[in-house]
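As provided, input-v3.pdb (PDB, C-alpha atoms) reads as follows.
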```pdb
ATOM      1  CA  MET B 993      29.767   0.580-119.845
ATOM      2  CA  SER B 994      31.347  -2.680-120.975
ATOM      3  CA  ASP B 995      32.908  -4.938-118.353
ATOM      4  CA  PHE B 996      36.335  -4.627-120.024
ATOM      5  CA  VAL B 997      36.198  -0.824-119.817
ATOM      6  CA  LEU B 998      34.896  -1.087-116.254
ATOM      7  CA  GLY B 999      37.958  -3.158-115.254
ATOM      8  CA  LEU B1000      40.328  -0.890-117.159
ATOM      9  CA  THR B1001      38.959   2.311-115.643
ATOM     10  CA  HIS B1002      38.787   0.779-112.174
ATOM     11  CA  ILE B1003      42.493  -0.050-112.078
ATOM     12  CA  THR B1004      43.588   3.227-113.716
ATOM     13  CA  ASP B1005      41.316   5.472-111.620
ATOM     14  CA  TRP B1006      43.358   7.668-109.250
ATOM     15  CA  GLU B1007      40.951   6.756-106.447
ATOM     16  CA  GLY B1008      42.507   3.303-106.720
ATOM     17  CA  TYR B1009      45.967   4.682-106.043
ATOM     18  CA  ASP B1010      46.593   1.864-103.555
ATOM     19  CA  HIS B1011      46.577  -0.647-106.433
ATOM     20  CA  MET B1012      48.979   1.552-108.394
ATOM     21  CA  LEU B1013      51.224   1.826-105.330
ATOM     22  CA  TYR B1014      51.177  -1.974-105.045
ATOM     23  CA  LEU B1015      52.279  -2.290-108.674
ATOM     24  CA  LEU B1016      55.011   0.290-108.066
ATOM     25  CA  ALA B1017      56.329  -1.723-105.105
ATOM     26  CA  LEU B1018      56.073  -4.911-107.156
ATOM     27  CA  VAL B1019      58.240  -3.604-110.029
ATOM     28  CA  ALA B1020      60.457  -1.216-108.034
ATOM     29  CA  ALA B1021      63.680  -2.936-109.096
ATOM     30  CA  TYR B1022      62.880  -3.011-112.809
ATOM     31  CA  ASP B1023      63.145  -0.752-115.839
ATOM     32  CA  LEU B1024      62.130  -1.313-119.473
ATOM     33  CA  ARG B1025      64.883  -3.900-119.928
ATOM     34  CA  HIS B1026      62.896  -6.105-117.522
ATOM     35  CA  ILE B1027      59.444  -5.636-119.029
ATOM     36  CA  GLY B1028      58.895  -9.396-119.439
ATOM     37  CA  LYS B1029      59.671 -10.147-115.774
ATOM     38  CA  ALA B1030      57.563  -7.212-114.624
ATOM     39  CA  ALA B1031      54.614  -8.258-116.796
ATOM     40  CA  LEU B1032      54.853 -11.856-115.554
ATOM     41  CA  THR B1033      54.883 -10.671-111.937
ATOM     42  CA  ALA B1034      51.882  -8.397-112.542
ATOM     43  CA  THR B1035      50.077 -11.293-114.223
ATOM     44  CA  ALA B1036      50.698 -13.505-111.167
ATOM     45  CA  PHE B1037      48.965 -10.773-109.160
ATOM     46  CA  THR B1038      46.078 -10.790-111.667
ATOM     47  CA  LEU B1039      45.646 -14.554-111.335
ATOM     48  CA  GLY B1040      45.336 -14.218-107.577
ATOM     49  CA  HIS B1041      42.832 -11.402-107.616
ATOM     50  CA  SER B1042      40.835 -13.051-110.416
ATOM     51  CA  LEU B1043      40.287 -16.111-108.238
ATOM     52  CA  THR B1044      38.946 -14.251-105.202
ATOM     53  CA  LEU B1045      37.070 -11.801-107.401
ATOM     54  CA  ALA B1046      35.160 -14.727-108.904
ATOM     55  CA  ILE B1047      34.493 -16.439-105.571
ATOM     56  CA  ALA B1048      33.537 -13.247-103.722
ATOM     57  CA  SER B1049      31.440 -11.928-106.605
ATOM     58  CA  LEU B1050      29.448 -15.159-106.542
ATOM     59  CA  ASP B1051      28.835 -14.386-102.853
ATOM     60  CA  VAL B1052      30.441 -17.666-101.766
ATOM     61  CA  PHE B1053      31.982 -15.705 -98.909
ATOM     62  CA  ARG B1054      32.415 -12.143 -97.765
ATOM     63  CA  VAL B1055      35.142 -10.568 -95.734
ATOM     64  CA  SER B1056      34.703  -7.382 -93.779
ATOM     65  CA  GLY B1057      35.467  -4.427 -96.032
ATOM     66  CA  ALA B1058      37.326  -2.766 -93.159
ATOM     67  CA  TRP B1059      39.732  -5.705 -92.967
ATOM     68  CA  VAL B1060      40.237  -5.788 -96.731
ATOM     69  CA  GLU B1061      40.943  -2.040 -96.805
ATOM     70  CA  PHE B1062      43.482  -2.540 -94.002
ATOM     71  CA  LEU B1063      45.141  -5.587 -95.564
ATOM     72  CA  ILE B1064      45.658  -3.929 -98.965
ATOM     73  CA  PRO B1065      48.280  -1.449 -97.647
ATOM     74  CA  VAL B1066      49.783  -4.274 -95.573
ATOM     75  CA  THR B1067      50.385  -6.149 -98.853
ATOM     76  CA  ILE B1068      52.042  -3.031-100.273
ATOM     77  CA  LEU B1069      54.248  -2.735 -97.190
ATOM     78  CA  ALA B1070      55.230  -6.418 -97.313
ATOM     79  CA  THR B1071      55.920  -6.269-101.058
ATOM     80  CA  ALA B1072      58.100  -3.160-100.753
ATOM     81  CA  LEU B1073      60.064  -4.687 -97.844
ATOM     82  CA  TRP B1074      60.473  -7.970 -99.741
ATOM     83  CA  SER B1075      61.597  -6.131-102.871
ATOM     84  CA  LEU B1076      64.078  -4.021-100.950
ATOM     85  CA  PHE B1077      65.717  -6.785 -98.956
ATOM     86  CA  PHE B1078      65.171 -10.120-100.714
ATOM     87  CA  ALA B1079      63.814  -9.949-104.274
ATOM     88  CA  GLY B1080      66.227 -10.919-107.020
ATOM     89  CA  LYS B1081      68.829 -12.279-104.594
ATOM     90  CA  SER B1082      68.343 -15.896-105.713
ATOM     91  CA  SER B1083      66.290 -18.059-108.038
ATOM     92  CA  THR B1084      64.162 -19.023-105.039
ATOM     93  CA  SER B1085      63.368 -15.368-104.345
ATOM     94  CA  LYS B1086      61.917 -15.035-107.863
ATOM     95  CA  LYS B1087      59.519 -17.894-107.167
ATOM     96  CA  VAL B1088      58.617 -16.372-103.803
ATOM     97  CA  THR B1089      58.001 -13.026-105.510
ATOM     98  CA  TYR B1090      55.556 -14.628-107.967
ATOM     99  CA  ALA B1091      53.852 -16.560-105.151
ATOM    100  CA  MET B1092      53.573 -13.405-103.030
ATOM    101  CA  ALA B1093      52.118 -11.472-105.964
ATOM    102  CA  ALA B1094      49.507 -14.182-106.543
ATOM    103  CA  GLY B1095      48.775 -14.478-102.817
ATOM    104  CA  PHE B1096      48.449 -10.761-102.303
ATOM    105  CA  GLY B1097      46.291 -10.661-105.418
ATOM    106  CA  LEU B1098      43.810 -12.752-103.433
ATOM    107  CA  ILE B1099      43.430  -9.873-100.959
ATOM    108  CA  HIS B1100      43.199  -7.213-103.657
ATOM    109  CA  GLY B1101      40.566  -9.328-105.423
ATOM    110  CA  LEU B1102      38.365  -8.969-102.369
ATOM    111  CA  GLY B1103      38.637  -5.208-102.777
ATOM    112  CA  PHE B1104      37.729  -5.480-106.469
ATOM    113  CA  SER B1105      34.776  -7.780-105.721
ATOM    114  CA  SER B1106      32.581  -5.221-103.961
ATOM    115  CA  PHE B1107      33.198  -2.752-106.779
ATOM    116  CA  PHE B1108      32.448  -5.427-109.397
ATOM    117  CA  ARG B1109      29.238  -6.544-107.628
ATOM    118  CA  ILE B1110      27.984  -2.947-107.466
ATOM    119  CA  ALA B1111      29.059  -1.735-110.908
ATOM    120  CA  ARG B1112      28.418  -4.651-113.247
ATOM    121  CA  ASP B1113      25.371  -5.072-115.420
ATOM    122  CA  GLU B1114      23.198  -7.656-113.625
ATOM    123  CA  SER B1115      21.453  -8.663-116.840
ATOM    124  CA  ALA B1116      24.731  -9.618-118.541
ATOM    125  CA  ASP B1117      26.419 -13.026-118.534
ATOM    126  CA  PHE B1118      28.259 -13.288-115.183
ATOM    127  CA  ILE B1119      31.194 -15.481-116.245
ATOM    128  CA  GLY B1120      31.789 -13.557-119.466
ATOM    129  CA  GLY B1121      31.462 -10.255-117.628
ATOM    130  CA  LEU B1122      33.904 -11.359-114.955
ATOM    131  CA  PHE B1123      36.371 -12.512-117.615
ATOM    132  CA  ARG B1124      36.083  -9.208-119.499
ATOM    133  CA  PHE B1125      36.439  -7.224-116.252
ATOM    134  CA  ASN B1126      39.618  -9.166-115.387
ATOM    135  CA  LEU B1127      40.986  -8.586-118.893
ATOM    136  CA  GLY B1128      40.341  -4.877-118.433
ATOM    137  CA  VAL B1129      42.111  -4.889-115.068
ATOM    138  CA  GLU B1130      45.069  -6.783-116.556
ATOM    139  CA  ALA B1131      45.286  -4.408-119.534
ATOM    140  CA  GLY B1132      45.219  -1.443-117.157
ATOM    141  CA  GLN B1133      47.873  -2.993-114.943
ATOM    142  CA  LEU B1134      50.144  -3.655-117.899
ATOM    143  CA  VAL B1135      49.754  -0.042-119.039
ATOM    144  CA  ILE B1136      50.589   1.171-115.517
ATOM    145  CA  VAL B1137      53.588  -1.173-115.326
ATOM    146  CA  ALA B1138      54.827  -0.003-118.754
ATOM    147  CA  VAL B1139      54.562   3.639-117.661
ATOM    148  CA  LEU B1140      56.361   2.895-114.374
ATOM    149  CA  LEU B1141      59.148   1.079-116.221
ATOM    150  CA  ALA B1142      59.450   3.895-118.762
ATOM    151  CA  VAL B1143      59.805   6.434-115.945
ATOM    152  CA  ALA B1144      62.366   4.166-114.249
ATOM    153  CA  SER B1145      64.343   3.939-117.491
ATOM    154  CA  LEU B1146      64.219   7.714-117.899
ATOM    155  CA  VAL B1147      65.402   8.272-114.327
ATOM    156  CA  ARG B1148      68.239   5.792-114.821
ATOM    157  CA  SER B1149      69.247   7.525-118.069
ATOM    158  CA  LEU B1150      69.613  10.725-116.039
ATOM    159  CA  GLY B1151      72.301   9.053-113.941
ATOM    160  CA  VAL B1152      70.377   7.671-110.977
ATOM    161  CA  SER B1153      71.726   4.244-110.081
ATOM    162  CA  ALA B1154      69.436   1.231-110.110
ATOM    163  CA  ARG B1155      70.084   0.699-106.388
ATOM    164  CA  ASP B1156      69.323   4.332-105.464
ATOM    165  CA  GLN B1157      66.116   4.215-107.468
ATOM    166  CA  HIS B1158      65.099   0.915-105.896
ATOM    167  CA  VAL B1159      65.734   2.189-102.356
ATOM    168  CA  PHE B1160      63.883   5.449-103.045
ATOM    169  CA  VAL B1161      60.828   3.757-104.586
ATOM    170  CA  CYS B1162      60.622   1.051-101.911
ATOM    171  CA  GLY B1163      61.183   3.595 -99.142
ATOM    172  CA  GLY B1164      58.359   5.736-100.489
ATOM    173  CA  ALA B1165      56.046   2.729-100.833
ATOM    174  CA  ILE B1166      56.901   1.606 -97.290
ATOM    175  CA  ALA B1167      56.174   5.051 -95.844
ATOM    176  CA  LEU B1168      52.913   5.561 -97.759
ATOM    177  CA  SER B1169      51.586   2.063 -97.113
ATOM    178  CA  LEU B1170      52.407   2.292 -93.417
ATOM    179  CA  VAL B1171      50.417   5.525 -93.154
ATOM    180  CA  MET B1172      47.551   3.967 -95.137
ATOM    181  CA  ALA B1173      47.526   0.864 -92.913
ATOM    182  CA  LEU B1174      47.472   2.965 -89.745
ATOM    183  CA  GLU B1175      44.637   5.092 -91.124
ATOM    184  CA  ARG B1176      42.641   1.965 -91.981
ATOM    185  CA  LEU B1177      43.052  -0.009 -88.749
ATOM    186  CA  PRO B1178      39.903  -2.140 -88.552
ATOM    187  CA  PHE B1179      39.737  -2.164 -84.760
TER     188      PHE B1179
END
```
Please, can you express the file's structure as structure tokens?
Amino acid sequence: MSDFVLGLTHITDWEGYDHMLYLLALVAAYDLRHIGKAALTATAFTLGHSLTLAIASLDVFRVSGAWVEFLIPVTILATALWSLFFAGKSSTSKKVTYAMAAGFGLIHGLGFSSFFRIARDESADFIGGLFRFNLGVEAGQLVIVAVLLAVASLVRSLGVSARDQHVFVCGGAIALSLVMALERLPF
């Protein structure tokens, strides 16, 4: 399987629902009218996870998988809370949102790294394979974001207000990520 397809299928696999939930929390306030902002925010996340994916895949450092699995839902929880209460309130909050997405991408990249180390073709070029894997992940994320925004636009066309949708999506992400974090306590 090519590295691009490996990255694409990894991010779109339902077993990786935590990454999809993160993206949902990240774009909770948007619909298709905001596709550029949503794509830029998702790309900030990709930049973060690409960095740690490269470093961790090179075995420069390793973090306990139990802690990574715990911290991933914590990032979802923090992102949903941020989105609900602060995102979009000022020009500074937009910058903080991008910085948070990139920072939390660092944590998610650690989760991707063990998968990448196990699944990639060892005989292939590492740097090229890592680049193709990241492109696959980014393509998958953009597809997921486009689908989420399309559903948001559909829901809004049915008369649901942007605020009600935002509160519902963030509330759901908060509840699910809290349960996930409690289930994954590393101690």
Quiz item: Any idea what's packed within 8 Å of Ala1030 in chain B, counting only C-alpha atoms, ignoring anything in its chain fewer than 4 positions away? Could you give it as number ranges by chain?
Solution: B: 1018-1019, 1022, 1026, 1034, 1137
Practice problem: Enumerate, as number ranges by chain, the residues matched when the PyMOL selection byres ((chain B and resi 1086-1103) around 7) is run on the file above. | Solution: B: 1033, 1036-1045, 1048, 1060, 1064, 1067, 1079-1080, 1082-1085, 1104-1106
Quiz item: Hey, can you check how far CA of Ala1017 in chain B sits from CA of Asp1005 in chain B?
Solution: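 Separation of CA of Ala1017 in chain B and CA of Asp1005 in chain B: 17.9 Å.
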Exercise. One decimal, Å: what's the distance from CA of Glu1175 in chain B over to CA of Ala1072 in chain B, could you say?
Key: 18.5 Å
Exercise. Point out the residue among B:Val1052, B:Leu1168, B:Val1161, B:Ile1136 with the least atom-to-atom distance to Asp1010 in chain B, counting only C-alpha atoms.
Key: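 Closest to Asp1010 in chain B of all the choices is B:Leu1168.
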Practice problem: Please return, as number ranges by chain, all polymer residues that have at least one atom within 12 Å of the point (57.0, -1.6, -114.3); use all atoms listed in the file and the file's own coordinate frame. | Solution: B: 1012-1035, 1133-1145, 1158, 1161
Quiz item: For the atom pair CA of Phe1125 in chain B and CA of Asp1051 in chain B, what is the interatomic distance in Å to one decimal place?
Solution: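 Taking CA of Phe1125 in chain B as the start and CA of Asp1051 in chain B as the end point, the length is 17.0 Å.
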Build an axis-aligned box that encloses every atom of range 994-1010 of chain B listed in the file, pad it by 6 Å on each side, and report its centre and edge lengths in Å to one decimal, as JSON.
```
{"center_x": 39.0, "center_y": 1.4, "center_z": -112.3, "size_x": 27.2, "size_y": 24.6, "size_z": 29.4}
```
Quiz item: For the file shown, what are the residues hit by the PyMOL selection byres ((chain B and resi 996) around 6), laid out as a PyMOL selection string?
Solution: chain B and resi 994-995+997-999+1124-1125+1128
Exercise. With the file shown as input, list the residues that the PyMOL selection byres ((chain B and resi 1062) around 12) selects, as a ChimeraX atom specification.
Key: /B:1010,1055-1061,1063-1069,1099-1100,1102-1103,1169-1179
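With distances restricted to only C-alpha atoms, B:Ala1046 is the closest residue to Gly1120 in chain B from B:Ala1154, B:Ala1046, B:Leu1073, B:Val1159.
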Quiz item: For Leu1000 in chain B, which residue out of B:Leu1146, B:Ile1166, B:Leu1127, B:Val1152 is the nearest one, using only C-alpha atoms?
Solution: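 For Leu1000 in chain B, the nearest of the given residues is B:Leu1127.
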Exercise. For each of B:Phe1108, B:Gly1121, B:Ser1149, B:Ala1167, take the minimum atom-to-atom distance to His1002 in chain B, counting all atoms listed in the file, then give the residue where this is smallest.
Key: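 Closest to His1002 in chain B, using all atoms listed in the file: B:Phe1108.
If you measure from each of B:Ser1153, B:Arg1148, B:Val1129, B:Phe1160 to Thr1004 in chain B using only C-alpha atoms, the closest one turns out to be B:Val1129.
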